[in-house]
Amino acid sequence: MSKYGFCQNCEKEIIFYQNSDTLFYHVAAYEGPIKNAIHKFKYGKKKFYGKKLALFVYDNLKEKIPEFDLIIPVPLHWKKEFSRTFNQSAIISVYLGKLFGKDVLIDGVVKTKNTPSQVELSGSEREKNVLNTFKVRKTSSIKDKKILLVDDVFTTGATTNELKKILKKAGAKNVIVITIAKTIL
């Protein structure tokens, strides 16, 4: 497994990069054993991979990410979560919460539209696909907090950028994005 992600712009090994006011941390490139593990986890319904992937993230980032108050997983629309039987980001978030000793707000943000899968979409199509699809349900839990937003794979950032926007609008002080892997474009 590769220890570091890769920045699509600089093509050198990094552990994080910053875009405007958000820090993005990616532990590995989305390829090889990591890609296989994520696929088995999400589509093979191997929920126990969630703990292993959370430990992988924690071991690589525990001393690198800045202090945060609360963990929020990227939500799935309820229909997708029902068909998959779980939200992979929520499972990883719960384990990360235990490892970091932080609260996890599972239902603080919801996905209100059942959008098509992002897999085959271009960057601009991804942005349109997720535009106005998320809603903060628990503003009081988010206000003035430093949020750790957790997702499994980072491709263009459309999903996490949309979530960051609504979290900041709801009063979050800061948003740090971590993913297991980053797609190399």
# chains A, B, ... in the order shown; residues from 1 in each chain; ligands from 1

$ residues_around --residues "stretch 129-144 of chain A" --least-positions-apart "4" --cutoff "12 Å" --atoms "only C-alpha atoms" --output "PyMOL selection string"
chain A and resi 68-72+74-77+103-125+148-149+156-175

$ select_by_dssp --residues "stretch 17-183 of chain A" --states "strand (DSSP E or B)" --output "JSON list (two decimals) with N, CA and C atoms, in the first residue's frame"
[["chain", "number", "residue", "atom", "x", "y", "z"],
["A", 17, "TYR", "N", -2.96, 18.90, 0.93],
["A", 17, "TYR", "CA", -2.83, 20.15, 0.20],
["A", 17, "TYR", "C", -3.99, 21.04, 0.60],
["A", 18, "GLN", "N", -3.88, 22.30, 0.32],
["A", 18, "GLN", "CA", -4.90, 23.26, 0.72],
["A", 18, "GLN", "C", -5.52, 23.91, -0.50],
["A", 19, "ASN", "N", -6.84, 24.03, -0.45],
["A", 19, "ASN", "CA", -7.61, 24.67, -1.52],
["A", 19, "ASN", "C", -8.46, 25.72, -0.83],
["A", 22, "THR", "N", -9.63, 25.21, 2.98],
["A", 22, "THR", "CA", -9.85, 23.83, 3.41],
["A", 22, "THR", "C", -8.58, 23.01, 3.25],
["A", 23, "LEU", "N", -8.27, 22.21, 4.26],
["A", 23, "LEU", "CA", -7.18, 21.25, 4.17],
["A", 23, "LEU", "C", -7.74, 19.92, 3.70],
["A", 24, "PHE", "N", -7.07, 19.31, 2.75],
["A", 24, "PHE", "CA", -7.46, 18.01, 2.22],
["A", 24, "PHE", "C", -6.34, 17.02, 2.52],
["A", 25, "TYR", "N", -6.68, 15.90, 3.15],
["A", 25, "TYR", "CA", -5.72, 14.85, 3.45],
["A", 25, "TYR", "C", -6.17, 13.57, 2.76],
["A", 26, "HIS", "N", -5.26, 12.96, 2.03],
["A", 26, "HIS", "CA", -5.53, 11.70, 1.34],
["A", 26, "HIS", "C", -4.39, 10.77, 1.70],
["A", 27, "VAL", "N", -4.71, 9.59, 2.18],
["A", 27, "VAL", "CA", -3.68, 8.69, 2.68],
["A", 27, "VAL", "C", -3.00, 7.90, 1.57],
["A", 28, "ALA", "N", -3.74, 7.58, 0.51],
["A", 28, "ALA", "CA", -3.16, 6.74, -0.55],
["A", 28, "ALA", "C", -3.74, 7.12, -1.91],
["A", 29, "ALA", "N", -3.02, 6.70, -2.93],
["A", 29, "ALA", "CA", -3.55, 6.82, -4.29],
["A", 29, "ALA", "C", -4.63, 5.75, -4.45],
["A", 70, "LEU", "N", -15.20, 17.71, 15.81],
["A", 70, "LEU", "CA", -16.31, 16.83, 15.47],
["A", 70, "LEU", "C", -16.06, 16.15, 14.13],
["A", 71, "ILE", "N", -16.46, 14.88, 14.01],
["A", 71, "ILE", "CA", -16.33, 14.14, 12.76],
["A", 71, "ILE", "C", -17.71, 14.02, 12.11],
["A", 72, "ILE", "N", -17.76, 14.31, 10.81],
["A", 72, "ILE", "CA", -19.00, 14.16, 10.04],
["A", 72, "ILE", "C", -18.69, 13.34, 8.80],
["A", 73, "PRO", "N", -19.40, 12.22, 8.59],
["A", 73, "PRO", "CA", -19.20, 11.45, 7.37],
["A", 73, "PRO", "C", -19.99, 12.05, 6.21],
["A", 103, "ASP", "N", -16.40, 13.02, 19.02],
["A", 103, "ASP", "CA", -17.79, 12.72, 18.68],
["A", 103, "ASP", "C", -17.96, 12.65, 17.18],
["A", 104, "VAL", "N", -18.90, 11.81, 16.76],
["A", 104, "VAL", "CA", -19.25, 11.65, 15.34],
["A", 104, "VAL", "C", -20.71, 12.03, 15.19],
["A", 109, "VAL", "N", -25.90, 15.91, 8.75],
["A", 109, "VAL", "CA", -26.05, 16.35, 7.36],
["A", 109, "VAL", "C", -26.72, 15.22, 6.61],
["A", 110, "VAL", "N", -27.67, 15.56, 5.76],
["A", 110, "VAL", "CA", -28.35, 14.54, 4.95],
["A", 110, "VAL", "C", -28.25, 14.89, 3.47],
["A", 111, "LYS", "N", -28.33, 13.86, 2.67],
["A", 111, "LYS", "CA", -28.38, 14.06, 1.22],
["A", 111, "LYS", "C", -29.85, 14.01, 0.84],
["A", 134, "PHE", "N", -27.34, 18.56, -0.41],
["A", 134, "PHE", "CA", -27.11, 18.29, 1.01],
["A", 134, "PHE", "C", -27.79, 19.34, 1.88],
["A", 135, "LYS", "N", -28.17, 18.91, 3.06],
["A", 135, "LYS", "CA", -28.83, 19.82, 4.01],
["A", 135, "LYS", "C", -28.29, 19.53, 5.42],
["A", 136, "VAL", "N", -27.95, 20.61, 6.13],
["A", 136, "VAL", "CA", -27.52, 20.49, 7.52],
["A", 136, "VAL", "C", -28.78, 20.38, 8.38],
["A", 146, "LYS", "N", -14.73, 22.96, 14.53],
["A", 146, "LYS", "CA", -13.77, 22.54, 13.50],
["A", 146, "LYS", "C", -14.18, 21.12, 13.13],
["A", 147, "ILE", "N", -14.60, 20.96, 11.88],
["A", 147, "ILE", "CA", -15.20, 19.71, 11.42],
["A", 147, "ILE", "C", -14.18, 18.89, 10.64],
["A", 148, "LEU", "N", -14.13, 17.59, 10.94],
["A", 148, "LEU", "CA", -13.38, 16.64, 10.14],
["A", 148, "LEU", "C", -14.40, 15.91, 9.27],
["A", 149, "LEU", "N", -14.40, 16.19, 7.97],
["A", 149, "LEU", "CA", -15.32, 15.60, 7.01],
["A", 149, "LEU", "C", -14.66, 14.36, 6.41],
["A", 150, "VAL", "N", -15.32, 13.20, 6.50],
["A", 150, "VAL", "CA", -14.72, 11.93, 6.10],
["A", 150, "VAL", "C", -15.42, 11.35, 4.89],
["A", 151, "ASP", "N", -14.62, 10.97, 3.89],
["A", 151, "ASP", "CA", -15.13, 10.25, 2.71],
["A", 151, "ASP", "C", -14.14, 9.16, 2.35],
["A", 152, "ASP", "N", -14.56, 8.25, 1.49],
["A", 152, "ASP", "CA", -13.67, 7.15, 1.13],
["A", 152, "ASP", "C", -12.72, 7.52, -0.01],
["A", 153, "VAL", "N", -13.25, 8.10, -1.10],
["A", 153, "VAL", "CA", -12.43, 8.41, -2.26],
["A", 153, "VAL", "C", -12.64, 9.86, -2.69],
["A", 154, "PHE", "N", -11.55, 10.54, -2.99],
["A", 154, "PHE", "CA", -11.58, 11.91, -3.49],
["A", 154, "PHE", "C", -11.21, 11.87, -4.96],
["A", 174, "ASN", "N", -14.29, 25.70, 10.70],
["A", 174, "ASN", "CA", -13.32, 25.20, 9.74],
["A", 174, "ASN", "C", -13.75, 23.81, 9.30],
["A", 175, "VAL", "N", -13.34, 23.39, 8.11],
["A", 175, "VAL", "CA", -13.62, 22.05, 7.60],
["A", 175, "VAL", "C", -12.32, 21.46, 7.09],
["A", 176, "ILE", "N", -11.99, 20.29, 7.63],
["A", 176, "ILE", "CA", -10.83, 19.52, 7.18],
["A", 176, "ILE", "C", -11.39, 18.28, 6.50],
["A", 177, "VAL", "N", -10.93, 17.98, 5.30],
["A", 177, "VAL", "CA", -11.42, 16.83, 4.56],
["A", 177, "VAL", "C", -10.36, 15.73, 4.59],
["A", 178, "ILE", "N", -10.77, 14.51, 4.99],
["A", 178, "ILE", "CA", -9.87, 13.38, 4.88],
["A", 178, "ILE", "C", -10.55, 12.28, 4.08],
["A", 179, "THR", "N", -9.76, 11.65, 3.24],
["A", 179, "THR", "CA", -10.24, 10.49, 2.49],
["A", 179, "THR", "C", -9.17, 9.41, 2.57],
["A", 180, "ILE", "N", -9.62, 8.19, 2.35],
["A", 180, "ILE", "CA", -8.68, 7.09, 2.31],
["A", 180, "ILE", "C", -7.78, 7.23, 1.10],
["A", 181, "ALA", "N", -8.39, 7.53, -0.04],
["A", 181, "ALA", "CA", -7.63, 7.55, -1.28],
["A", 181, "ALA", "C", -8.05, 8.68, -2.20],
["A", 182, "LYS", "N", -7.12, 9.06, -3.07],
["A", 182, "LYS", "CA", -7.37, 10.09, -4.07],
["A", 182, "LYS", "C", -7.13, 9.50, -5.44]]

$ atom_distance --atom1 "atom CA of A:Glu81" --atom2 "atom CA of A:Lys145"
26.7 Å

$ closest_residue --among "A:Thr85, A:Thr155, A:Asn60, A:Thr183" --to "A:Tyr30" --atoms "only C-alpha atoms"
A:Thr183

$ select_by_dssp --residues "stretch 27-176 of chain A" --states "helix (DSSP H, G or I)" --output "ChimeraX atom specification"
/A:32-43,49-61,78-84,88-100,123-130,139-142,158-169

$ write_last_selection --atoms "C-alpha atoms" --output "mmCIF file, in the first residue's frame"
data_model
loop_
_atom_site.group_PDB
_atom_site.id
_atom_site.type_symbol
_atom_site.label_atom_id
_atom_site.label_comp_id
_atom_site.auth_asym_id
_atom_site.auth_seq_id
_atom_site.Cartn_x
_atom_site.Cartn_y
_atom_site.Cartn_z
ATOM 1 C CA GLY A 32 -3.837 -1.369 -6.260
ATOM 2 C CA PRO A 33 -4.595 -2.903 -2.858
ATOM 3 C CA ILE A 34 -6.304 0.231 -1.511
ATOM 4 C CA LYS A 35 -8.691 0.397 -4.477
ATOM 5 C CA ASN A 36 -9.441 -3.314 -4.081
ATOM 6 C CA ALA A 37 -10.090 -2.913 -0.353
ATOM 7 C CA ILE A 38 -12.444 0.022 -0.906
ATOM 8 C CA HIS A 39 -14.341 -1.902 -3.597
ATOM 9 C CA LYS A 40 -14.730 -4.957 -1.365
ATOM 10 C CA PHE A 41 -15.873 -2.699 1.453
ATOM 11 C CA LYS A 42 -18.445 -0.705 -0.542
ATOM 12 C CA TYR A 43 -19.732 -3.160 -3.108
ATOM 13 C CA TYR A 49 -12.986 -3.472 6.095
ATOM 14 C CA GLY A 50 -14.282 -0.225 7.620
ATOM 15 C CA LYS A 51 -12.277 -0.799 10.788
ATOM 16 C CA LYS A 52 -9.126 -1.732 8.843
ATOM 17 C CA LEU A 53 -9.435 1.333 6.606
ATOM 18 C CA ALA A 54 -10.059 3.599 9.606
ATOM 19 C CA LEU A 55 -6.920 2.222 11.290
ATOM 20 C CA PHE A 56 -4.978 2.832 8.075
ATOM 21 C CA VAL A 57 -6.161 6.459 8.026
ATOM 22 C CA TYR A 58 -5.516 6.961 11.733
ATOM 23 C CA ASP A 59 -2.018 5.441 11.653
ATOM 24 C CA ASN A 60 -1.025 7.721 8.786
ATOM 25 C CA LEU A 61 -2.729 10.948 9.871
ATOM 26 C CA TRP A 78 -31.362 7.078 2.097
ATOM 27 C CA LYS A 79 -32.263 4.998 -0.992
ATOM 28 C CA LYS A 80 -28.595 4.347 -1.802
ATOM 29 C CA GLU A 81 -27.820 3.566 1.820
ATOM 30 C CA PHE A 82 -30.797 1.198 1.958
ATOM 31 C CA SER A 83 -29.698 -0.656 -1.187
ATOM 32 C CA ARG A 84 -26.052 -0.856 -0.040
ATOM 33 C CA GLN A 88 -19.116 3.383 4.156
ATOM 34 C CA SER A 89 -18.082 6.893 5.258
ATOM 35 C CA ALA A 90 -20.197 6.578 8.408
ATOM 36 C CA ILE A 91 -18.596 3.271 9.365
ATOM 37 C CA ILE A 92 -15.103 4.695 8.889
ATOM 38 C CA SER A 93 -16.134 7.819 10.838
ATOM 39 C CA VAL A 94 -17.391 5.811 13.821
ATOM 40 C CA TYR A 95 -14.079 3.960 14.082
ATOM 41 C CA LEU A 96 -12.114 7.196 13.616
ATOM 42 C CA GLY A 97 -14.209 8.779 16.361
ATOM 43 C CA LYS A 98 -13.154 6.016 18.747
ATOM 44 C CA LEU A 99 -9.502 6.245 17.704
ATOM 45 C CA PHE A 100 -9.323 10.053 17.966
ATOM 46 C CA GLY A 123 -15.628 17.202 -13.104
ATOM 47 C CA SER A 124 -18.195 19.794 -14.186
ATOM 48 C CA GLU A 125 -20.938 17.152 -14.335
ATOM 49 C CA ARG A 126 -20.033 16.065 -10.803
ATOM 50 C CA GLU A 127 -20.370 19.633 -9.538
ATOM 51 C CA LYS A 128 -23.828 19.974 -11.110
ATOM 52 C CA ASN A 129 -24.797 16.519 -9.842
ATOM 53 C CA VAL A 130 -24.209 17.416 -6.175
ATOM 54 C CA THR A 139 -26.872 23.503 12.922
ATOM 55 C CA SER A 140 -26.434 23.902 16.677
ATOM 56 C CA SER A 141 -24.066 20.906 16.741
ATOM 57 C CA ILE A 142 -21.927 22.383 13.958
ATOM 58 C CA ALA A 158 -17.229 18.145 -6.006
ATOM 59 C CA THR A 159 -18.934 16.322 -3.123
ATOM 60 C CA THR A 160 -16.642 17.517 -0.345
ATOM 61 C CA ASN A 161 -16.612 21.083 -1.676
ATOM 62 C CA GLU A 162 -20.413 21.184 -1.729
ATOM 63 C CA LEU A 163 -20.521 19.808 1.814
ATOM 64 C CA LYS A 164 -17.840 22.245 2.978
ATOM 65 C CA LYS A 165 -19.923 25.102 1.575
ATOM 66 C CA ILE A 166 -23.071 24.133 3.464
ATOM 67 C CA LEU A 167 -21.172 23.354 6.678
ATOM 68 C CA LYS A 168 -19.512 26.785 6.606
ATOM 69 C CA LYS A 169 -22.868 28.415 5.849
#
